[in-house]
Structure formats: C-alpha cells, structure tokens
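Heads up, target-v2.tsv below (TSV, C-alpha atoms and all ligand atoms):
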```tsv
chain	number	residue	atom	x	y	z
Z	1	MET	CA	-22.22	2.52	-43.74
Z	2	LYS	CA	-21.41	3.06	-47.38
Z	3	ILE	CA	-18.46	5.15	-48.54
Z	4	ILE	CA	-18.37	6.97	-51.88
Z	5	LYS	CA	-15.36	8.83	-53.22
Z	6	LEU	CA	-16.18	11.21	-56.06
Z	7	ASP	CA	-13.58	12.55	-58.51
Z	8	ALA	CA	-15.48	15.85	-58.65
Z	9	ILE	CA	-18.84	17.09	-57.37
Z	10	ASN	CA	-20.63	20.39	-56.92
Z	11	SER	CA	-21.32	19.77	-53.22
Z	12	THR	CA	-20.96	16.59	-51.18
Z	13	ASN	CA	-23.80	17.75	-48.88
Z	14	GLU	CA	-26.09	18.27	-51.88
Z	15	TYR	CA	-25.10	14.88	-53.28
Z	16	ILE	CA	-26.23	13.09	-50.10
Z	17	LYS	CA	-29.35	15.26	-49.91
Z	18	GLU	CA	-30.35	14.08	-53.38
Z	19	LEU	CA	-29.79	10.46	-52.39
Z	20	ILE	CA	-32.04	10.93	-49.36
Z	21	LYS	CA	-34.69	12.78	-51.39
Z	22	ASN	CA	-34.83	9.99	-53.91
Z	23	LYS	CA	-35.15	7.59	-51.00
Z	24	SER	CA	-32.40	5.55	-52.53
Z	25	ILE	CA	-30.51	5.24	-49.30
Z	26	LYS	CA	-31.37	3.00	-46.41
Z	27	LYS	CA	-28.07	3.22	-44.57
Z	28	ASN	CA	-25.66	5.93	-43.58
Z	29	TYR	CA	-23.32	7.31	-46.19
Z	30	ILE	CA	-19.98	9.02	-46.27
Z	31	VAL	CA	-19.39	10.98	-49.47
Z	32	TYR	CA	-16.14	12.78	-50.09
Z	33	SER	CA	-14.15	14.48	-52.80
Z	34	TYR	CA	-10.94	16.46	-53.25
Z	35	ASN	CA	-12.57	18.49	-55.97
Z	36	GLN	CA	-15.74	20.21	-54.81
Z	37	THR	CA	-16.75	22.84	-57.32
Z	38	ASN	CA	-19.69	24.61	-55.66
Z	39	GLY	CA	-19.32	24.05	-51.93
Z	40	LYS	CA	-21.85	25.55	-49.55
Z	41	GLY	CA	-20.95	27.34	-46.36
Z	42	ARG	CA	-23.04	28.54	-43.44
Z	43	ARG	CA	-25.30	31.60	-43.81
Z	44	GLY	CA	-25.62	31.00	-47.55
Z	45	ASN	CA	-21.90	31.56	-48.14
Z	46	VAL	CA	-19.85	29.78	-50.77
Z	47	TRP	CA	-17.13	27.39	-49.59
Z	48	TYR	CA	-14.17	27.75	-51.95
Z	49	SER	CA	-11.59	25.04	-52.35
Z	50	GLU	CA	-8.75	24.62	-54.85
Z	51	PRO	CA	-9.01	21.29	-56.69
Z	52	ASP	CA	-7.00	18.38	-55.29
Z	53	LYS	CA	-5.78	20.31	-52.28
Z	54	ASN	CA	-8.50	19.92	-49.67
Z	55	LEU	CA	-11.13	17.57	-48.37
Z	56	ALA	CA	-14.89	17.99	-48.76
Z	57	PHE	CA	-16.53	15.35	-46.62
Z	58	SER	CA	-20.18	14.66	-45.82
Z	59	LEU	CA	-21.76	12.15	-43.56
Z	60	SER	CA	-25.43	11.27	-43.31
Z	61	LEU	CA	-27.11	10.03	-40.16
Z	62	LEU	CA	-30.55	8.59	-40.85
Z	63	SER	CA	-33.22	8.67	-38.12
Z	64	PRO	CA	-30.85	9.79	-35.38
Z	65	SER	CA	-32.36	9.83	-31.91
Z	66	VAL	CA	-31.56	13.50	-31.38
Z	67	ASN	CA	-34.45	15.74	-30.40
Z	68	LEU	CA	-34.82	18.88	-32.42
Z	69	LYS	CA	-34.51	20.94	-29.24
Z	70	ASN	CA	-31.16	19.27	-28.49
Z	71	GLN	CA	-29.71	19.87	-31.92
Z	72	PHE	CA	-26.74	21.93	-30.72
Z	73	ILE	CA	-25.38	18.68	-29.27
Z	74	ILE	CA	-24.61	17.70	-32.88
Z	75	ASN	CA	-22.34	20.76	-33.19
Z	76	ILE	CA	-20.65	19.97	-29.90
Z	77	ILE	CA	-19.95	16.34	-30.74
Z	78	ILE	CA	-18.67	16.99	-34.26
Z	79	SER	CA	-16.53	19.99	-33.20
Z	80	LEU	CA	-14.90	18.06	-30.36
Z	81	PHE	CA	-14.34	15.09	-32.64
Z	82	ILE	CA	-12.55	17.26	-35.23
Z	83	ILE	CA	-10.39	18.90	-32.56
Z	84	ASP	CA	-9.38	15.45	-31.33
Z	85	PHE	CA	-8.71	14.27	-34.86
Z	86	LEU	CA	-6.55	17.29	-35.80
Z	87	ASP	CA	-4.72	16.97	-32.51
Z	88	TYR	CA	-3.70	13.50	-33.64
Z	89	PHE	CA	-2.08	15.20	-36.66
Z	90	LYS	CA	-0.30	17.54	-34.22
Z	91	ILE	CA	-1.99	20.71	-35.47
Z	92	PRO	CA	-1.21	23.41	-32.89
Z	93	ASN	CA	-3.50	25.80	-30.92
Z	94	LEU	CA	-6.80	24.21	-31.86
Z	95	SER	CA	-10.06	25.80	-30.75
Z	96	ILE	CA	-13.73	26.02	-31.67
Z	97	LYS	CA	-14.93	29.39	-32.85
Z	98	TRP	CA	-18.59	29.40	-31.90
Z	99	PRO	CA	-20.75	27.95	-33.23
Z	100	ASN	CA	-18.56	25.46	-35.09
Z	101	ASP	CA	-15.53	26.74	-36.97
Z	102	ILE	CA	-12.32	24.94	-36.19
Z	103	MET	CA	-9.36	27.24	-35.69
Z	104	SER	CA	-5.62	26.88	-35.38
Z	105	GLY	CA	-4.51	30.06	-33.65
Z	106	ASN	CA	-6.43	32.87	-35.34
Z	107	LYS	CA	-6.93	31.01	-38.61
Z	108	LYS	CA	-9.89	28.95	-39.72
Z	109	ILE	CA	-8.85	25.55	-41.04
Z	110	CYS	CA	-12.16	23.69	-41.04
Z	111	GLY	CA	-15.76	24.69	-41.61
Z	112	ILE	CA	-18.75	22.60	-40.61
Z	113	LEU	CA	-22.18	22.74	-42.19
Z	114	ASN	CA	-24.86	20.62	-40.53
Z	115	GLU	CA	-28.11	20.29	-42.42
Z	116	ILE	CA	-31.17	18.77	-40.81
Z	117	GLN	CA	-34.09	17.24	-42.67
Z	118	LEU	CA	-37.30	17.22	-40.68
Z	119	LYS	CA	-40.34	14.99	-40.87
Z	120	LYS	CA	-43.11	16.67	-38.89
Z	121	LYS	CA	-41.18	17.69	-35.78
Z	122	HIS	CA	-38.70	14.86	-35.85
Z	123	ILE	CA	-35.23	14.78	-37.32
Z	124	GLU	CA	-35.41	12.43	-40.27
Z	125	SER	CA	-31.74	12.79	-41.15
Z	126	ILE	CA	-28.72	14.94	-40.49
Z	127	ILE	CA	-26.04	15.70	-43.02
Z	128	ILE	CA	-22.76	16.73	-41.46
Z	129	GLY	CA	-20.50	18.50	-43.97
Z	130	LEU	CA	-16.84	19.13	-43.26
Z	131	GLY	CA	-14.51	21.25	-45.33
Z	132	ILE	CA	-10.92	20.81	-44.17
Z	133	ASN	CA	-8.21	22.99	-45.73
Z	134	ILE	CA	-5.26	20.68	-46.11
Z	135	ASN	CA	-2.65	21.50	-48.76
Z	136	GLN	CA	-3.98	24.78	-50.18
Z	137	GLU	CA	-1.42	27.57	-49.93
Z	138	ASN	CA	-3.25	30.64	-51.23
Z	139	PHE	CA	-6.32	32.15	-49.64
Z	140	ASN	CA	-6.15	35.47	-51.41
Z	141	ASN	CA	-9.49	36.96	-50.46
Z	142	LEU	CA	-9.86	35.11	-47.20
Z	143	PRO	CA	-7.42	36.65	-44.71
Z	144	ASN	CA	-8.70	34.53	-41.84
Z	145	ALA	CA	-8.39	31.18	-43.60
Z	146	SER	CA	-5.43	28.84	-43.56
Z	147	SER	CA	-4.54	25.21	-44.15
Z	148	LEU	CA	-2.73	22.43	-42.34
Z	149	LYS	CA	0.17	22.80	-44.77
Z	150	LEU	CA	0.58	26.53	-44.17
Z	151	ILE	CA	0.52	25.94	-40.44
Z	152	THR	CA	2.79	22.90	-40.13
Z	153	LYS	CA	4.88	23.32	-43.31
Z	154	LYS	CA	4.09	19.71	-44.19
Z	155	ASN	CA	2.40	18.29	-47.24
Z	156	TYR	CA	-0.39	15.82	-46.48
Z	157	ASP	CA	-1.36	12.72	-48.38
Z	158	LEU	CA	-5.10	13.30	-48.94
Z	159	ASN	CA	-5.97	9.60	-49.10
Z	160	ASN	CA	-4.09	8.80	-45.93
Z	161	PHE	CA	-5.70	11.79	-44.19
Z	162	THR	CA	-9.22	10.79	-45.24
Z	163	ASN	CA	-8.77	7.11	-44.42
Z	164	THR	CA	-7.53	8.05	-40.96
Z	165	LEU	CA	-10.58	10.28	-40.51
Z	166	ILE	CA	-12.95	7.47	-41.46
Z	167	LYS	CA	-11.11	4.98	-39.25
Z	168	LYS	CA	-11.32	7.36	-36.29
Z	169	LEU	CA	-15.00	8.06	-36.87
Z	170	LYS	CA	-15.65	4.35	-36.65
Z	171	LYS	CA	-13.23	3.60	-33.84
Z	172	ASN	CA	-14.26	6.46	-31.54
Z	173	ASN	CA	-17.85	5.26	-31.79
Z	174	PHE	CA	-18.69	8.64	-33.22
Z	175	PHE	CA	-22.09	7.37	-34.22
Z	176	VAL	CA	-23.18	6.12	-30.80
Z	177	PRO	CA	-24.43	9.47	-29.45
Z	178	PHE	CA	-26.72	9.83	-32.43
Z	179	PHE	CA	-28.38	6.52	-31.84
Z	180	SER	CA	-28.72	6.67	-28.09
Z	181	ASN	CA	-31.03	9.13	-26.44
Z	182	THR	CA	-29.30	12.52	-26.24
Z	183	GLU	CA	-31.18	13.23	-22.99
Z	184	THR	CA	-29.10	10.53	-21.34
Z	185	LEU	CA	-25.75	11.75	-22.68
Z	186	ASN	CA	-23.63	13.55	-20.16
Z	187	GLN	CA	-24.59	17.02	-21.31
Z	188	LYS	CA	-22.58	18.72	-18.55
Z	189	ASN	CA	-19.36	17.04	-19.65
Z	190	LEU	CA	-20.04	17.77	-23.30
Z	191	ILE	CA	-20.65	21.48	-22.84
Z	192	SER	CA	-17.75	21.88	-20.45
Z	193	SER	CA	-15.39	20.18	-22.97
Z	194	TYR	CA	-16.77	22.51	-25.66
Z	195	ASN	CA	-16.23	25.60	-23.48
Z	196	ASN	CA	-12.70	24.45	-22.65
Z	197	LYS	CA	-11.93	24.58	-26.35
Z	198	LEU	CA	-13.83	27.79	-27.04
Z	199	TYR	CA	-11.96	30.30	-29.21
Z	200	CYS	CA	-11.05	33.48	-27.29
Z	201	ARG	CA	-12.96	32.53	-24.16
Z	202	LYS	CA	-12.77	35.29	-21.53
Z	203	LYS	CA	-11.21	37.59	-24.13
Z	204	LEU	CA	-12.47	40.91	-25.40
Z	205	LYS	CA	-13.73	40.58	-28.98
Z	206	SER	CA	-15.77	42.56	-31.46
Z	207	PHE	CA	-19.08	41.20	-32.68
Z	208	LYS	CA	-21.22	41.97	-35.67
Z	209	LEU	CA	-24.97	41.83	-35.09
Z	210	SER	CA	-27.35	40.73	-37.85
Z	211	ASN	CA	-28.39	44.40	-38.31
Z	212	GLY	CA	-24.75	45.25	-39.11
Z	213	LYS	CA	-24.03	46.99	-35.78
Z	214	ILE	CA	-20.75	46.26	-34.05
Z	215	PHE	CA	-20.27	45.88	-30.33
Z	216	HIS	CA	-17.50	44.74	-28.02
Z	217	GLY	CA	-17.52	42.32	-25.16
Z	218	ASN	CA	-15.96	39.39	-23.40
Z	219	ILE	CA	-16.80	35.88	-24.55
Z	220	GLU	CA	-18.10	34.16	-21.42
Z	221	SER	CA	-19.46	30.74	-22.39
Z	222	VAL	CA	-21.82	28.76	-24.58
Z	223	ASP	CA	-24.72	26.77	-23.14
Z	224	ILE	CA	-26.04	23.36	-24.19
Z	225	ASN	CA	-28.58	25.04	-26.50
Z	226	GLY	CA	-25.82	26.83	-28.39
Z	227	ILE	CA	-26.48	30.26	-26.88
Z	228	LEU	CA	-23.37	32.44	-26.65
Z	229	ASN	CA	-23.07	34.63	-23.55
Z	230	VAL	CA	-21.09	37.83	-23.95
Z	231	LYS	CA	-20.36	40.39	-21.25
Z	232	GLU	CA	-20.71	43.75	-22.91
Z	233	LYS	CA	-17.77	46.14	-22.51
Z	234	ASN	CA	-18.50	49.25	-20.41
Z	235	HIS	CA	-21.96	48.15	-19.24
Z	236	SER	CA	-20.87	44.73	-17.95
Z	237	LEU	CA	-24.25	43.52	-19.14
Z	238	LEU	CA	-24.52	39.81	-19.93
Z	239	ARG	CA	-26.07	39.42	-23.39
Z	240	SER	CA	-27.10	36.15	-25.02
Z	241	PHE	CA	-27.19	35.34	-28.72
Z	242	ASN	CA	-28.02	32.46	-31.00
Z	243	GLY	CA	-25.90	31.53	-34.04
Z	244	ASN	CA	-27.95	33.62	-36.49
Z	245	GLU	CA	-27.89	36.83	-34.50
Z	246	ILE	CA	-24.21	37.52	-34.22
Z	247	GLN	CA	-20.78	36.84	-35.69
Z	248	ILE	CA	-17.46	37.02	-33.90
Z	249	ILE	CA	-15.02	39.25	-35.74
Z	250	ILE	CA	-11.59	37.63	-35.78
G	301	LIG	C1	-18.71	27.17	-43.18
G	301	LIG	O1	-17.72	27.37	-42.47
G	301	LIG	O2	-19.36	28.11	-43.65
G	301	LIG	C2	-19.11	25.75	-43.47
G	301	LIG	C3	-18.38	25.16	-44.62
G	301	LIG	C4	-18.75	23.71	-44.91
G	301	LIG	C5	-18.11	23.18	-46.16
G	301	LIG	C6	-18.36	21.71	-46.33
G	301	LIG	S1	-17.33	20.99	-47.56
G	301	LIG	C7	-18.25	19.52	-47.51
G	301	LIG	C8	-19.70	19.91	-47.39
G	301	LIG	N1	-20.30	20.16	-48.70
G	301	LIG	C9	-20.65	21.43	-48.86
G	301	LIG	O3	-21.17	21.92	-49.88
G	301	LIG	N2	-20.35	22.15	-47.74
G	301	LIG	C10	-19.78	21.30	-46.71
```

Could I get this structure in the form of structure tokens?
Amino acid sequence: MKIIKLDAINSTNEYIKELIKNKSIKKNYIVYSYNQTNGKGRRGNVWYSEPDKNLAFSLSLLSPSVNLKNQFIINIIISLFIIDFLDYFKIPNLSIKWPNDIMSGNKKICGILNEIQLKKKHIESIIIGLGININQENFNNLPNASSLKLITKKNYDLNNFTNTLIKKLKKNNFFVPFFSNTETLNQKNLISSYNNKLYCRKKLKSFKLSNGKIFHGNIESVDINGILNVKEKNHSLLRSFNGNEIQIII
C-alpha cells in the first residue's frame, strides 16, 4: 500500500486511473487531497469542494477477487465502513441513501464513486473515491448537502481526520473482503446491515425515474445485487429498480 498526498489535483480518481493505465503501479494506492479542482460525481455530475475544507480520497484495489456480478458488495462494504468511521467521530443520524450516499439526517455529507476497470469479464481494478464534506460551511446551490462542521459545530483537523481514516481502513481489515472470495462472505449479514442503515426505510418518498417522471412509494429494501424495492403508493405494487433507473428525491 502506497499513500500519496497531493497539494492539489483535478480528481484523485482520475489520478489513480492514469497510474493504472500507465501500468506504473503494482500495489494498491491511496491518493488524497484537500484541494480537488475538478471532482467527478456519479451520473456524470461534478463534485464541488472548497479548497482546504474537505477531503477527496481515492483507493485502488488491484485484481480484487470480486465477481462482476457481485459488484454491489463493494458499495455495501464501503458504505458500512464509512458509517462506522463517521460514528467514531460522533456524527449523528447516519444512514445510507441508496445506492451509496452517506447522510446525516436529511443532509448528504459524503459521496462515493466506485469505478471498475475490466479486463475481459474480470475486474482488473476498482477505484473507490470518497468525497467527505468536513469544514465547508456554504453549499449555496446544493440545498441537500452539508458538512461535519455544520452538523456538529466543530472544526476538524484534516490531517488528523485523514490519518484516522487510513488507520481504520488498515485496522478493520477493510481490504480482506476484496481478496477473499465474495461468494464465501456472509452476504445475508452484509445486506441486512446495509438495510438497517438504509435512509428512509419504510417511509414514503418521491422518486424520479430516468425518463423524468415522478412517482411515490415506500422504500422497502435493497437486495444483494443493489436492486431497490419500492412499494408504489395507491397500487401497493412492489417495483424494483437498479441505480441508473431511479433517484430518491430528498
Ligand atoms: C457522488 O455523490 O456523486 C460521488 C462523489 C464522489 C467524489 C469523490 S472525491 C474523491 C474522488 N475523486 C473524484 O473525482 N470523485 C471522487
């Protein structure tokens, strides 16, 4: 494991991707910065971050023994790890907004972008990108975003925060699941822990479909393949969606 801290970078995920492309890395890397200038979010969104306020953190896992069909397990493991980590910092009301936003109450405090590189049908590497809003106090155009500081009224030492994150990643054997066969992991326990932390479970929410239509329903559960089950209001129909088909409206 090699750790690189960058004073500034366009995107920590892109930085690792380049390293992998150039085949210059043989081991796993952690790359992080407090000044990410062109961060990438899910669904082609931009991930904004004020300089020197937040953490942009990426982690590469080379040749993990995760089958492509089991890839949602990556989301489960990383989301549960982050919840556990933020719990250590006493951040209140933590939950996972499917598929993998980390919330405190109704505010998003951490975004996760997993990028998979394939070789034929095998996962050659995974890049796990974490954006954690730490000391930023203004989210003008992002009404659903917040930071640890806004929530707890405390200022965080970024170096201490990041070092604790790295220590916990190592100590909690975070890497083990990726290098043991995911078929043998206790999938039932994993998905039930994920569902226990699911944002607004059993609550009525509005959803936006990829065609722009809105509908309302109760969040029931997520399965091990990352499919969200929603009971539609009025019809009581159980509908299932993958992460690209639908968005939960906060
Ligand atoms: C999202 O919620 O849309 C995901 C946001 C992921 C942001 C992180 S910050 C570190 C890493 N580098 C990037 O360019 N993006 C991820």

TODO: List every protein, DNA or RNA residue that has an atom no more than 7 Å from (-7.7, 23.3, -35.3) in the file's coordinate frame, counting only C-alpha atoms, and report them as an MDAnalysis selection string.
DONE: chainID Z and resid 83 86 91:95 102:104 109

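Summary of the local environment: counting all atoms listed in the file, residues at most 10 Å from Asn155 in chain Z, other than itself and those fewer than 4 positions away along its chain, are Lys53, Ile134, Asn135, Gln136, Leu148, Lys149 and Leu150 of chain Z.
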
Which residues of chain Z have any atom within 9 Å of an atom in ligand LIG 301 (chain G) when counting only C-alpha atoms and all ligand atoms, and what is the closest pair of atoms for each, with the distance in Å to one decimal? Order the rows by chain and rising number and write it as JSON lines.
```
{"residue": "Z:Asn10", "atom": "CA", "partner": "G:LIG301", "partner_atom": "O3", "distance": 7.2}
{"residue": "Z:Ser11", "atom": "CA", "partner": "G:LIG301", "partner_atom": "O3", "distance": 4.0}
{"residue": "Z:Thr12", "atom": "CA", "partner": "G:LIG301", "partner_atom": "N1", "distance": 4.4}
{"residue": "Z:Asn13", "atom": "CA", "partner": "G:LIG301", "partner_atom": "N1", "distance": 4.3}
{"residue": "Z:Glu14", "atom": "CA", "partner": "G:LIG301", "partner_atom": "O3", "distance": 6.4}
{"residue": "Z:Tyr15", "atom": "CA", "partner": "G:LIG301", "partner_atom": "N1", "distance": 8.5}
{"residue": "Z:Val31", "atom": "CA", "partner": "G:LIG301", "partner_atom": "C7", "distance": 8.8}
{"residue": "Z:Tyr32", "atom": "CA", "partner": "G:LIG301", "partner_atom": "C7", "distance": 7.5}
{"residue": "Z:Ser33", "atom": "CA", "partner": "G:LIG301", "partner_atom": "C7", "distance": 8.4}
{"residue": "Z:Gln36", "atom": "CA", "partner": "G:LIG301", "partner_atom": "S1", "distance": 7.5}
{"residue": "Z:Thr37", "atom": "CA", "partner": "G:LIG301", "partner_atom": "O3", "distance": 8.7}
{"residue": "Z:Asn38", "atom": "CA", "partner": "G:LIG301", "partner_atom": "O3", "distance": 6.5}
{"residue": "Z:Gly39", "atom": "CA", "partner": "G:LIG301", "partner_atom": "O3", "distance": 3.5}
{"residue": "Z:Lys40", "atom": "CA", "partner": "G:LIG301", "partner_atom": "O3", "distance": 3.7}
{"residue": "Z:Gly41", "atom": "CA", "partner": "G:LIG301", "partner_atom": "O2", "distance": 3.2}
{"residue": "Z:Arg42", "atom": "CA", "partner": "G:LIG301", "partner_atom": "O2", "distance": 3.7}
{"residue": "Z:Arg43", "atom": "CA", "partner": "G:LIG301", "partner_atom": "O2", "distance": 6.9}
{"residue": "Z:Gly44", "atom": "CA", "partner": "G:LIG301", "partner_atom": "O2", "distance": 7.9}
{"residue": "Z:Asn45", "atom": "CA", "partner": "G:LIG301", "partner_atom": "O2", "distance": 6.2}
{"residue": "Z:Val46", "atom": "CA", "partner": "G:LIG301", "partner_atom": "O2", "distance": 7.3}
{"residue": "Z:Trp47", "atom": "CA", "partner": "G:LIG301", "partner_atom": "C5", "distance": 5.5}
{"residue": "Z:Tyr48", "atom": "CA", "partner": "G:LIG301", "partner_atom": "C5", "distance": 8.4}
{"residue": "Z:Ser49", "atom": "CA", "partner": "G:LIG301", "partner_atom": "S1", "distance": 8.5}
{"residue": "Z:Leu55", "atom": "CA", "partner": "G:LIG301", "partner_atom": "S1", "distance": 7.1}
{"residue": "Z:Ala56", "atom": "CA", "partner": "G:LIG301", "partner_atom": "C7", "distance": 3.9}
{"residue": "Z:Phe57", "atom": "CA", "partner": "G:LIG301", "partner_atom": "C7", "distance": 4.6}
{"residue": "Z:Ser58", "atom": "CA", "partner": "G:LIG301", "partner_atom": "C7", "distance": 5.5}
{"residue": "Z:Leu59", "atom": "CA", "partner": "G:LIG301", "partner_atom": "C8", "distance": 8.9}
{"residue": "Z:Asn100", "atom": "CA", "partner": "G:LIG301", "partner_atom": "O1", "distance": 7.7}
{"residue": "Z:Asp101", "atom": "CA", "partner": "G:LIG301", "partner_atom": "O1", "distance": 6.0}
{"residue": "Z:Ile102", "atom": "CA", "partner": "G:LIG301", "partner_atom": "O1", "distance": 8.6}
{"residue": "Z:Lys108", "atom": "CA", "partner": "G:LIG301", "partner_atom": "O1", "distance": 8.4}
{"residue": "Z:Cys110", "atom": "CA", "partner": "G:LIG301", "partner_atom": "O1", "distance": 6.8}
{"residue": "Z:Gly111", "atom": "CA", "partner": "G:LIG301", "partner_atom": "O1", "distance": 3.4}
{"residue": "Z:Ile112", "atom": "CA", "partner": "G:LIG301", "partner_atom": "C2", "distance": 4.3}
{"residue": "Z:Leu113", "atom": "CA", "partner": "G:LIG301", "partner_atom": "C4", "distance": 4.5}
{"residue": "Z:Asn114", "atom": "CA", "partner": "G:LIG301", "partner_atom": "C10", "distance": 8.0}
{"residue": "Z:Ile127", "atom": "CA", "partner": "G:LIG301", "partner_atom": "C8", "distance": 8.8}
{"residue": "Z:Ile128", "atom": "CA", "partner": "G:LIG301", "partner_atom": "C8", "distance": 7.4}
{"residue": "Z:Gly129", "atom": "CA", "partner": "G:LIG301", "partner_atom": "C8", "distance": 3.8}
{"residue": "Z:Leu130", "atom": "CA", "partner": "G:LIG301", "partner_atom": "C6", "distance": 4.3}
{"residue": "Z:Gly131", "atom": "CA", "partner": "G:LIG301", "partner_atom": "S1", "distance": 3.6}
{"residue": "Z:Ile132", "atom": "CA", "partner": "G:LIG301", "partner_atom": "S1", "distance": 7.3}
```

Open item on the list: Under the rule that all atoms listed in the file are counted, which of Z:Asp84, Z:Asp223, Z:Glu115, Z:Glu245 is the nearest residue to Lys168 in chain Z?
Closed with: Z:Asp84

TODO: Quick one: pull the distance between CA of Leu228 in chain Z and CA of Cys200 in chain Z, Å, one decimal.
DONE: 12.4 Å

- [ ] Could you tell me how far CA of Asp52 in chain Z lies from CA of Ile76 in chain Z, in Å and to one decimal?
- [x] 28.9 Å

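Taking all atoms listed in the file into account, Gly212 in chain Z lies nearest to Z:Gln247 out of the set Z:Gln247, Z:Asn140, Z:Glu124, Z:Ile78.
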
Open item on the list: Set the distance at 10 Å and use all atoms listed in the file: which residues neighbour Ser63 in chain Z once local chain neighbours fewer than 6 positions away are removed? I'd like the list as a VMD selection string.
Closed with: chain Z and resid 27 to 28 117 to 119 122 to 126 178 to 179

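Using all atoms listed in the file, the nearest neighbour of Tyr194 in chain Z within the list Z:Asn234, Z:Ser79, Z:Asn106, Z:Asn172 is Z:Ser79.
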
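Each of Z:Leu190, Z:Phe241, Z:Ser180, Z:Ile246 was checked against Lys208 in chain Z using all atoms listed in the file; the smallest atom-to-atom distance is that of Z:Ile246.
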
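Shown here are all protein and nucleic acid residues lying within 6 Å of (-17.6, 37.9, -21.2), with all atoms listed in the file considered: Z:Lys202, Z:Gly217, Z:Asn218, Z:Ile219, Z:Glu220, Z:Val230, Z:Lys231.
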
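Coordinates place CA of Phe89 in chain Z at a distance of 29.0 Å from CA of Lys205 in chain Z.
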
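The shortest atom-to-atom distance to Ser192 in chain Z, with all atoms listed in the file taken into account, belongs to Z:Leu80 out of Z:Ile4, Z:Leu80, Z:Ile250, Z:Ile30.
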
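Among the candidate residues Z:Pro51, Z:Gly243, Z:Pro177, Z:Pro64, the one lying nearest to Ile227 in chain Z is Z:Gly243, with distances computed using all atoms listed in the file.
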